[in-house]
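> Just so it is clear, I am handing over model18.cif, which has mmCIF, C-alpha atoms.
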data_structure
loop_
_atom_site.group_PDB
_atom_site.id
_atom_site.type_symbol
_atom_site.label_atom_id
_atom_site.label_comp_id
_atom_site.auth_asym_id
_atom_site.auth_seq_id
_atom_site.Cartn_x
_atom_site.Cartn_y
_atom_site.Cartn_z
ATOM 1 C CA MET P 18 50.573 147.430 73.852
ATOM 2 C CA SER P 19 49.115 147.429 77.401
ATOM 3 C CA THR P 20 49.591 150.369 79.757
ATOM 4 C CA ARG P 21 51.649 148.125 82.056
ATOM 5 C CA THR P 22 54.087 147.246 79.269
ATOM 6 C CA ARG P 23 54.316 150.923 78.284
ATOM 7 C CA ALA P 24 55.003 151.909 81.906
ATOM 8 C CA ILE P 25 57.774 149.299 82.224
ATOM 9 C CA ALA P 26 59.332 150.449 78.928
ATOM 10 C CA ILE P 27 59.232 154.109 80.034
ATOM 11 C CA GLY P 28 60.707 153.253 83.433
ATOM 12 C CA MET P 29 63.531 151.224 81.876
ATOM 13 C CA LEU P 30 64.663 153.823 79.303
ATOM 14 C CA GLY P 31 66.643 155.965 81.767
ATOM 15 C CA PRO P 32 68.517 153.029 83.383
ATOM 16 C CA LEU P 33 69.155 151.613 79.873
ATOM 17 C CA VAL P 34 70.877 154.845 78.812
ATOM 18 C CA GLN P 35 72.737 154.934 82.146
ATOM 19 C CA GLY P 36 73.889 151.341 81.634
ATOM 20 C CA THR P 37 75.104 152.133 78.104
ATOM 21 C CA GLY P 38 77.110 155.025 79.531
ATOM 22 C CA LEU P 39 78.598 152.866 82.283
ATOM 23 C CA VAL P 40 79.670 150.195 79.779
ATOM 24 C CA TRP P 41 81.263 152.975 77.695
ATOM 25 C CA VAL P 42 83.085 154.355 80.807
ATOM 26 C CA LEU P 43 84.362 150.863 81.659
ATOM 27 C CA ALA P 44 85.452 150.206 78.069
ATOM 28 C CA ASP P 45 87.335 153.529 78.082
ATOM 29 C CA ALA P 46 88.982 152.654 81.391
ATOM 30 C CA VAL P 47 90.104 149.262 80.074
ATOM 31 C CA LEU P 48 91.297 150.512 76.679
ATOM 32 C CA ASP P 49 92.901 153.760 77.886
ATOM 33 C CA SER P 50 93.762 153.213 81.547
ATOM 34 C CA GLY P 51 96.507 155.862 81.565
ATOM 35 C CA ARG P 52 94.089 158.775 81.247
ATOM 36 C CA GLY P 53 93.806 161.005 84.349
ATOM 37 C CA LEU P 54 90.471 161.920 85.888
ATOM 38 C CA SER P 55 89.737 165.661 86.008
ATOM 39 C CA ILE P 56 86.513 167.694 86.323
ATOM 40 C CA SER P 57 86.957 169.017 82.777
ATOM 41 C CA TYR P 58 87.408 165.462 81.427
ATOM 42 C CA VAL P 59 84.355 164.099 83.279
ATOM 43 C CA SER P 60 82.208 167.108 82.225
ATOM 44 C CA PHE P 61 82.765 166.704 78.491
ATOM 45 C CA ASP P 62 83.662 163.021 78.084
ATOM 46 C CA PRO P 63 80.884 161.370 75.982
ATOM 47 C CA ALA P 64 80.687 158.256 78.179
ATOM 48 C CA HIS P 65 80.220 160.315 81.366
ATOM 49 C CA LEU P 66 77.707 162.571 79.575
ATOM 50 C CA VAL P 67 75.661 159.489 78.612
ATOM 51 C CA VAL P 68 75.648 158.360 82.281
ATOM 52 C CA PHE P 69 74.533 161.885 83.311
ATOM 53 C CA VAL P 70 71.741 161.960 80.684
ATOM 54 C CA GLY P 71 70.637 158.473 81.784
ATOM 55 C CA THR P 72 70.409 159.626 85.404
ATOM 56 C CA LEU P 73 68.408 162.705 84.378
ATOM 57 C CA LEU P 74 66.084 160.559 82.247
ATOM 58 C CA SER P 75 65.519 158.135 85.148
ATOM 59 C CA VAL P 76 64.402 161.066 87.328
ATOM 60 C CA VAL P 77 62.136 162.525 84.603
ATOM 61 C CA CYS P 78 60.654 159.203 83.464
ATOM 62 C CA LEU P 79 59.849 157.636 86.837
ATOM 63 C CA PRO P 80 56.738 159.781 87.602
ATOM 64 C CA VAL P 81 55.601 159.396 83.958
ATOM 65 C CA ALA P 82 55.903 155.597 84.221
ATOM 66 C CA LEU P 83 53.831 155.627 87.419
ATOM 67 C CA GLU P 84 51.168 157.833 85.775
ATOM 68 C CA VAL P 85 51.022 155.569 82.709
ATOM 69 C CA ALA P 86 50.712 152.444 84.876
ATOM 70 C CA ALA P 87 47.659 153.970 86.570
ATOM 71 C CA ALA P 88 46.118 155.338 83.333
ATOM 72 C CA ALA P 89 43.281 153.933 81.237
ATOM 73 C CA PRO P 90 44.158 152.557 77.746
ATOM 74 C CA GLU P 91 42.518 155.571 76.005
ATOM 75 C CA ASP P 92 44.769 157.921 78.049
ATOM 76 C CA VAL P 93 47.906 156.621 76.341
ATOM 77 C CA GLU P 94 46.712 157.355 72.802
ATOM 78 C CA LEU P 95 48.759 159.980 70.974
ATOM 79 C CA GLU P 96 47.765 163.617 71.361
ATOM 80 C CA LEU P 97 46.843 165.567 68.197
ATOM 81 C CA PHE P 98 47.723 169.261 68.273
ATOM 82 C CA GLU P 99 45.427 170.446 65.515
ATOM 83 C CA PRO P 100 44.099 173.998 66.090
ATOM 84 C CA ASP P 101 40.648 174.332 67.615
ATOM 85 C CA PRO P 102 38.094 174.779 64.751
ATOM 86 C CA ALA P 103 36.268 177.406 66.888
ATOM 87 C CA SER P 104 39.339 179.674 66.718
ATOM 88 C CA GLN P 105 39.472 179.452 62.899
ATOM 89 C CA PRO P 106 37.526 181.958 60.719
ATOM 90 C CA SER P 107 34.014 180.660 60.117
ATOM 91 C CA PRO P 108 33.203 179.815 56.463
ATOM 92 C CA ALA P 109 29.585 180.820 57.084
ATOM 93 C CA LEU P 110 30.718 184.336 58.049
ATOM 94 C CA THR P 111 32.845 184.543 54.913
ATOM 95 C CA ASP P 112 29.834 183.528 52.819
ATOM 96 C CA GLU P 113 27.723 186.199 54.497
ATOM 97 C CA VAL P 114 30.314 188.888 53.765
ATOM 98 C CA GLY P 115 30.707 187.610 50.210
ATOM 99 C CA SER P 116 26.983 187.630 49.497
ATOM 100 C CA ALA P 117 26.616 191.088 51.046
ATOM 101 C CA TRP P 118 29.407 192.352 48.787
ATOM 102 C CA GLU P 119 27.665 190.820 45.780
ATOM 103 C CA GLY P 120 24.466 192.625 46.851
ATOM 104 C CA VAL P 121 26.302 195.977 46.859
ATOM 105 C CA ARG P 122 27.617 195.355 43.362
ATOM 106 C CA GLU P 123 24.169 194.541 42.079
ATOM 107 C CA MET G 7 73.128 182.126 48.840
ATOM 108 C CA ILE G 8 72.456 185.875 48.603
ATOM 109 C CA ALA G 9 70.714 185.761 51.981
ATOM 110 C CA ALA G 10 73.636 183.815 53.438
ATOM 111 C CA ALA G 11 76.088 186.409 52.092
ATOM 112 C CA GLY G 12 73.967 189.157 53.649
ATOM 113 C CA LEU G 13 74.382 187.511 57.051
ATOM 114 C CA ALA G 14 78.178 187.586 56.818
ATOM 115 C CA PRO G 15 78.587 190.952 58.666
ATOM 116 C CA VAL G 16 76.417 189.649 61.541
ATOM 117 C CA VAL G 17 78.455 186.450 61.727
ATOM 118 C CA ASP G 18 81.745 188.388 61.643
ATOM 119 C CA ALA G 19 80.518 190.794 64.317
ATOM 120 C CA ALA G 20 79.578 187.882 66.582
ATOM 121 C CA GLY G 21 82.965 186.298 65.969
ATOM 122 C CA SER G 22 84.877 189.470 66.865
ATOM 123 C CA LEU G 23 83.375 189.729 70.379
ATOM 124 C CA PRO G 24 86.046 189.564 73.132
ATOM 125 C CA PHE G 25 85.418 185.880 73.891
ATOM 126 C CA HIS G 26 89.158 185.150 73.935
ATOM 127 C CA GLN G 27 89.143 186.607 77.466
ATOM 128 C CA LEU G 28 87.038 183.606 78.506
ATOM 129 C CA HIS G 29 89.695 181.177 77.274
ATOM 130 C CA GLY G 30 89.743 178.096 79.494
ATOM 131 C CA TYR G 31 86.024 178.376 80.328
ATOM 132 C CA ILE G 32 84.763 177.802 76.792
ATOM 133 C CA PRO G 33 84.421 174.196 75.585
ATOM 134 C CA MET G 34 86.618 173.057 72.696
ATOM 135 C CA PRO G 35 84.804 172.274 69.397
ATOM 136 C CA GLN G 36 84.951 168.532 70.120
ATOM 137 C CA GLN G 37 83.522 169.101 73.610
ATOM 138 C CA SER G 38 80.721 171.275 72.164
ATOM 139 C CA HIS G 39 79.771 168.405 69.833
ATOM 140 C CA HIS G 40 79.607 166.057 72.826
ATOM 141 C CA MET G 41 77.357 168.464 74.758
ATOM 142 C CA PHE G 42 75.025 168.817 71.761
ATOM 143 C CA GLY G 43 75.031 164.999 71.526
ATOM 144 C CA ALA G 44 73.972 164.759 75.177
ATOM 145 C CA GLY G 45 71.162 167.268 74.527
ATOM 146 C CA PHE G 46 69.899 165.329 71.504
ATOM 147 C CA LEU G 47 70.123 162.038 73.433
ATOM 148 C CA PHE G 48 67.952 163.513 76.195
ATOM 149 C CA VAL G 49 65.203 164.785 73.855
ATOM 150 C CA GLY G 50 65.417 161.727 71.572
ATOM 151 C CA VAL G 51 64.605 159.392 74.479
ATOM 152 C CA LEU G 52 61.887 161.799 75.657
ATOM 153 C CA LEU G 53 60.280 161.604 72.188
ATOM 154 C CA ILE G 54 60.035 157.824 72.622
ATOM 155 C CA VAL G 55 58.583 158.327 76.122
ATOM 156 C CA GLU G 56 56.084 160.808 74.624
ATOM 157 C CA ALA G 57 55.050 158.196 72.027
ATOM 158 C CA LEU G 58 54.535 155.566 74.741
ATOM 159 C CA ALA G 59 52.761 157.826 77.252
ATOM 160 C CA GLY G 60 50.349 159.586 74.839
ATOM 161 C CA HIS G 61 47.881 161.919 76.590
ATOM 162 C CA VAL G 62 49.508 161.210 79.956
ATOM 163 C CA TRP G 63 52.698 162.947 78.795
ATOM 164 C CA HIS G 64 50.734 166.083 77.878
ATOM 165 C CA ARG G 65 49.009 166.416 81.260
ATOM 166 C CA ASN G 66 51.961 168.634 82.136
ATOM 167 C CA ARG G 67 52.461 171.629 79.788
ATOM 168 C CA LEU G 68 56.200 171.730 80.531
ATOM 169 C CA ARG G 69 56.560 168.180 79.196
ATOM 170 C CA THR G 70 54.653 169.113 76.024
ATOM 171 C CA LEU G 71 56.971 172.018 75.325
ATOM 172 C CA ILE G 72 60.282 170.380 76.308
ATOM 173 C CA TRP G 73 60.923 169.063 72.742
ATOM 174 C CA PRO G 74 60.548 172.395 70.865
ATOM 175 C CA ALA G 75 62.207 174.282 73.752
ATOM 176 C CA THR G 76 65.281 172.019 73.670
ATOM 177 C CA ILE G 77 65.596 172.386 69.885
ATOM 178 C CA MET G 78 65.409 176.175 70.310
ATOM 179 C CA VAL G 79 68.035 176.108 73.100
ATOM 180 C CA LEU G 80 70.333 173.901 70.982
ATOM 181 C CA GLY G 81 69.803 176.319 68.052
ATOM 182 C CA ALA G 82 70.710 179.249 70.292
ATOM 183 C CA GLY G 83 73.724 177.243 71.480
ATOM 184 C CA MET G 84 74.782 176.775 67.871
ATOM 185 C CA LEU G 85 74.565 180.571 67.419
ATOM 186 C CA ALA G 86 76.833 180.907 70.460
ATOM 187 C CA VAL G 87 79.272 178.489 68.797
ATOM 188 C CA VAL G 88 79.558 181.026 65.937
ATOM 189 C CA ALA G 89 81.065 183.489 68.385
ATOM 190 C CA LEU G 90 83.359 180.939 70.018
ATOM 191 C CA ASP G 91 84.609 178.811 67.130
ATOM 192 C CA PRO G 92 86.639 180.630 64.473
ATOM 193 C CA LYS G 93 85.964 177.894 61.877
ATOM 194 C CA ASP G 94 82.845 177.408 59.696
ATOM 195 C CA LYS G 95 81.029 180.410 61.184
ATOM 196 C CA LEU G 96 78.477 180.765 58.382
ATOM 197 C CA ILE G 97 77.580 177.045 58.455
ATOM 198 C CA HIS G 98 77.124 177.053 62.253
ATOM 199 C CA PHE G 99 75.128 180.304 62.059
ATOM 200 C CA THR G 100 72.673 179.052 59.440
ATOM 201 C CA ILE G 101 72.228 175.646 61.135
ATOM 202 C CA GLY G 102 71.596 177.437 64.458
ATOM 203 C CA LEU G 103 69.075 179.758 62.824
ATOM 204 C CA ILE G 104 67.296 176.848 61.080
ATOM 205 C CA MET G 105 67.139 174.864 64.356
ATOM 206 C CA PHE G 106 65.831 177.839 66.320
ATOM 207 C CA ALA G 107 63.132 178.562 63.714
ATOM 208 C CA ALA G 108 62.154 174.866 63.459
ATOM 209 C CA GLY G 109 61.809 174.717 67.258
ATOM 210 C CA TRP G 110 59.642 177.858 67.184
ATOM 211 C CA VAL G 111 57.349 176.400 64.474
ATOM 212 C CA GLU G 112 57.010 173.133 66.431
ATOM 213 C CA TYR G 113 56.255 175.186 69.577
ATOM 214 C CA ARG G 114 53.447 177.022 67.749
ATOM 215 C CA HIS G 115 52.076 173.699 66.482
ATOM 216 C CA ARG G 116 52.070 172.249 70.007
ATOM 217 C CA GLN G 117 50.287 175.393 71.213
ATOM 218 C CA ARG G 118 47.587 174.532 68.625
ATOM 219 C CA GLU G 119 48.238 177.812 66.822
ATOM 220 C CA ILE G 120 49.120 176.209 63.479
ATOM 221 C CA PRO G 121 48.228 172.816 61.946
ATOM 222 C CA ARG G 122 50.831 170.059 61.624
ATOM 223 C CA ARG G 123 51.018 170.374 57.816
ATOM 224 C CA THR G 124 51.779 174.103 58.072
ATOM 225 C CA ALA G 125 54.560 173.342 60.566
ATOM 226 C CA ASP G 126 55.942 170.706 58.180
ATOM 227 C CA LEU G 127 56.167 173.298 55.415
ATOM 228 C CA TRP G 128 59.100 174.760 57.381
ATOM 229 C CA ILE G 129 60.422 171.760 59.324
ATOM 230 C CA VAL G 130 60.799 169.308 56.399
ATOM 231 C CA PRO G 131 62.850 171.700 54.180
ATOM 232 C CA ALA G 132 64.785 172.772 57.320
ATOM 233 C CA LEU G 133 65.797 169.150 57.998
ATOM 234 C CA ILE G 134 66.909 168.691 54.374
ATOM 235 C CA ALA G 135 68.832 171.998 54.407
ATOM 236 C CA GLY G 136 70.419 171.137 57.781
ATOM 237 C CA GLY G 137 71.433 167.713 56.491
ATOM 238 C CA MET G 138 72.927 169.235 53.335
ATOM 239 C CA GLU G 139 74.885 171.790 55.356
ATOM 240 C CA ILE G 140 76.285 169.251 57.836
ATOM 241 C CA GLY G 141 76.924 166.465 55.320
ATOM 242 C CA VAL G 142 78.047 168.434 52.257
ATOM 243 C CA PHE G 143 79.425 171.856 53.248
ATOM 244 C CA HIS G 144 80.766 170.834 56.696
ATOM 245 C CA PHE G 145 82.243 167.638 55.227
ATOM 246 C CA HIS G 146 85.152 169.460 53.505
ATOM 247 C CA GLY G 147 85.607 166.469 51.169
ATOM 248 C CA SER G 148 87.779 164.506 53.583
ATOM 249 C CA PHE G 149 86.971 160.938 54.646
ATOM 250 C CA ASN G 150 88.938 161.179 57.905
ATOM 251 C CA GLY G 151 87.147 160.266 61.169
ATOM 252 C CA SER G 152 85.485 163.678 61.627
ATOM 253 C CA GLY G 153 84.588 163.981 57.917
ATOM 254 C CA SER G 154 82.859 160.575 57.806
ATOM 255 C CA VAL G 155 80.898 161.284 60.998
ATOM 256 C CA HIS G 156 79.743 164.647 59.586
ATOM 257 C CA LEU G 157 78.643 162.875 56.406
ATOM 258 C CA LEU G 158 76.674 160.357 58.491
ATOM 259 C CA MET G 159 75.157 163.147 60.605
ATOM 260 C CA GLY G 160 74.084 165.009 57.458
ATOM 261 C CA LEU G 161 72.517 161.831 56.098
ATOM 262 C CA THR G 162 70.689 161.195 59.395
ATOM 263 C CA ALA G 163 69.369 164.792 59.564
ATOM 264 C CA ALA G 164 68.210 164.649 55.922
ATOM 265 C CA LEU G 165 66.540 161.247 56.497
ATOM 266 C CA MET G 166 64.515 162.805 59.310
ATOM 267 C CA ALA G 167 62.605 164.765 56.635
ATOM 268 C CA PRO G 168 60.897 161.693 55.075
ATOM 269 C CA VAL G 169 60.422 160.257 58.584
ATOM 270 C CA ARG G 170 58.612 163.469 59.585
ATOM 271 C CA VAL G 171 56.362 163.235 56.473
ATOM 272 C CA TYR G 172 55.739 159.526 57.203
ATOM 273 C CA GLN G 173 54.789 160.456 60.777
ATOM 274 C CA THR G 174 52.412 163.213 59.593
ATOM 275 C CA ARG G 175 50.565 160.769 57.307
ATOM 276 C CA LEU G 176 49.340 158.867 60.399
ATOM 277 C CA LEU G 177 49.639 161.043 63.494
ATOM 278 C CA THR G 178 48.039 158.452 65.778
ATOM 279 C CA SER G 179 50.778 155.862 65.095
ATOM 280 C CA THR G 180 52.992 155.204 68.141
ATOM 281 C CA PRO G 181 55.781 153.380 66.175
ATOM 282 C CA ARG G 182 56.029 156.242 63.656
ATOM 283 C CA HIS G 183 56.272 158.781 66.498
ATOM 284 C CA ALA G 184 58.894 156.677 68.282
ATOM 285 C CA PHE G 185 60.847 156.263 65.023
ATOM 286 C CA MET G 186 61.599 160.004 65.009
ATOM 287 C CA GLY G 187 62.953 159.631 68.556
ATOM 288 C CA VAL G 188 65.209 156.794 67.383
ATOM 289 C CA MET G 189 66.536 159.025 64.560
ATOM 290 C CA VAL G 190 67.342 161.782 67.081
ATOM 291 C CA ILE G 191 69.149 159.223 69.284
ATOM 292 C CA VAL G 192 71.196 158.040 66.266
ATOM 293 C CA LEU G 193 72.164 161.683 65.603
ATOM 294 C CA ALA G 194 73.067 162.062 69.295
ATOM 295 C CA PHE G 195 75.441 159.073 69.267
ATOM 296 C CA GLU G 196 77.053 160.307 66.035
ATOM 297 C CA LEU G 197 77.771 163.626 67.794
ATOM 298 C CA LEU G 198 79.048 161.831 70.902
ATOM 299 C CA ALA G 199 81.306 159.611 68.783
ATOM 300 C CA LEU G 200 82.899 162.594 67.055
ATOM 301 C CA GLY G 201 86.621 162.693 67.768
ATOM 302 C CA HIS G 202 86.397 159.843 70.228
#
Hey, can you dump this file as structure tokens for me?


Amino acid sequence: MSTRTRAIAIGMLGPLVQGTGLVWVLADAVLDSGRGLSISYVSFDPAHLVVFVGTLLSVVCLPVALEVAAAAPEDVELELFEPDPASQPSPALTDEVGSAWEGVRE
Amino acid sequence: MIAAAGLAPVVDAAGSLPFHQLHGYIPMPQQSHHMFGAGFLFVGVLLIVEALAGHVWHRNRLRTLIWPATIMVLGAGMLAVVALDPKDKLIHFTIGLIMFAAGWVEYRHRQREIPRRTADLWIVPALIAGGMEIGVFHFHGSFNGSGSVHLLMGLTAALMAPVRVYQTRLLTSTPRHAFMGVMVIVLAFELLALGH
């Protein structure tokens, strides 16, 4: 997948979630038009929450999409979080200690 | 089971705090589920973004840590639910504890302090245990709307365990990484659909 396609996909995710929420809000309004609109209802209603999350995602994803669009293909490869081998105990040191211990026993 | 029984005094103590004075400010159980659903939807989509953006996503440390941090916050939120919701305290407490610990292990992995396989030693059993708790113990044997959704949520959480193992087998695979995000989004919509 090219970086351009990735950037478009990232940029579209937030609006996609927002759109899903809006369709849900509209469907609720059509199916249950008698329901009043209060702050408590809007704060916890799943459809409104989806719209809110979509808006938040649009804000978070926009700079990421722009960064990805400008990045080289190797920059969009997945990051591996394996610990740095330098911070792990060295096997050579262990061998040295082991052989020294064997020398004491002899 | 013995460990769970040992936690009972802690759970009861949390439940007996004077939270009734905050009545009207505390979300109802159904509303709490919706808020957790919104939280999972947010991080689920971000997992897909992370899979698509690769190294670019991790240029910012805050973005790297947002996934484990959100799981830890949701776990802490679940512990708060123990104090607010008089029902199923032990189940909520253990799920909250499992989520918090799983978030902490993932945080340590992302800090490069522990390898992925070591993190999986906790996260994979935690997902299975969480799924069992939600789908079996929280199910209460009733196939009403809430019961069926809890069963589905338990199944989704438990299915995340093999997905996590599948992801670990090829860590450089974007579709496998994004698949976990899709599973989290499915869980989010199940929570949002609860009682709707």

> Give me the residues within 9 Å of G:Leu158 as a ChimeraX atom specification, counting all atoms listed in the file and dropping any in the same chain fewer than 6 places off.

/G:140-141,193,196

> May I ask you to extract the residues of chain P within 9 Å of chain G, using all atoms listed in the file, and to give them as a PyMOL selection string?

chain P and resi 20+23-24+26-27+30-31+34+60-64+66-67+69-71+73-74+77-78+81-82+84-85+88+91-101

> Selected by the PyMOL selection byres ((chain G and resi 187) around 7) in the shown coordinates: which residues, as an NGL selection string?

:G and (50-51 or 53-54 or 184-186 or 188-191)

> Could you tell me which of G:Ala89, G:Leu96, G:Ala75, G:Ile134 comes closest to G:Glu112 if we count only C-alpha atoms?

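For G:Glu112, the nearest of the given residues is G:Ala75.
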
> With only C-alpha atoms counted, which protein, DNA or RNA residues have an atom no more than 6 Å from (62.3, 174.1, 68.2) in the file frame? Please answer as a VMD selection string.

chain G and resid 74 to 75 77 to 78 106 108 to 110 112

> Now that the selection is made, can you save its residues with C-alpha atoms as a JSON list (two decimals), in the frame of the given file?


[["chain", "number", "residue", "atom", "x", "y", "z"],
["G", 74, "PRO", "CA", 60.55, 172.40, 70.86],
["G", 75, "ALA", "CA", 62.21, 174.28, 73.75],
["G", 77, "ILE", "CA", 65.60, 172.39, 69.89],
["G", 78, "MET", "CA", 65.41, 176.18, 70.31],
["G", 106, "PHE", "CA", 65.83, 177.84, 66.32],
["G", 108, "ALA", "CA", 62.15, 174.87, 63.46],
["G", 109, "GLY", "CA", 61.81, 174.72, 67.26],
["G", 110, "TRP", "CA", 59.64, 177.86, 67.18],
["G", 112, "GLU", "CA", 57.01, 173.13, 66.43]]

> Measure the distance from atom CA of G:Pro35 to atom CA of G:Ala167 in Å and round it to one decimal.

26.7 Å

> Between atom CA of G:Asp91 and atom CA of G:Trp128, what is the spacing in Å?

27.6 Å

> Could the centre and edge lengths of an axis-aligned box, enclosing all atoms of stretch 160-175 of chain G in the file with 4 Å extra on each side, be given in Å to one decimal as lines of an AutoDock Vina configuration file?


center_x = 62.3
center_y = 162.3
center_z = 57.9
size_x = 31.5
size_y = 13.5
size_z = 13.7

> One decimal, in Å: what's the spacing between atom CA of G:Pro168 and atom CA of G:Val111?

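Computing the Euclidean distance for atom CA of G:Pro168 and atom CA of G:Val111 yields 17.8 Å.
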
> Which is closer to P:Ala86 than all the others in P:Ile56, P:Val42, P:Val47, P:Ile25, using all atoms listed in the file?

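That would be P:Ile25, the residue with the smallest distance to P:Ala86.
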
> For each of G:Leu127, G:Leu90, G:Ala107, G:Ala135, take the minimum atom-to-atom distance to G:Gly160, counting all atoms listed in the file, then give the residue where this is smallest.

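Selected residue with least distance to G:Gly160: G:Ala135.
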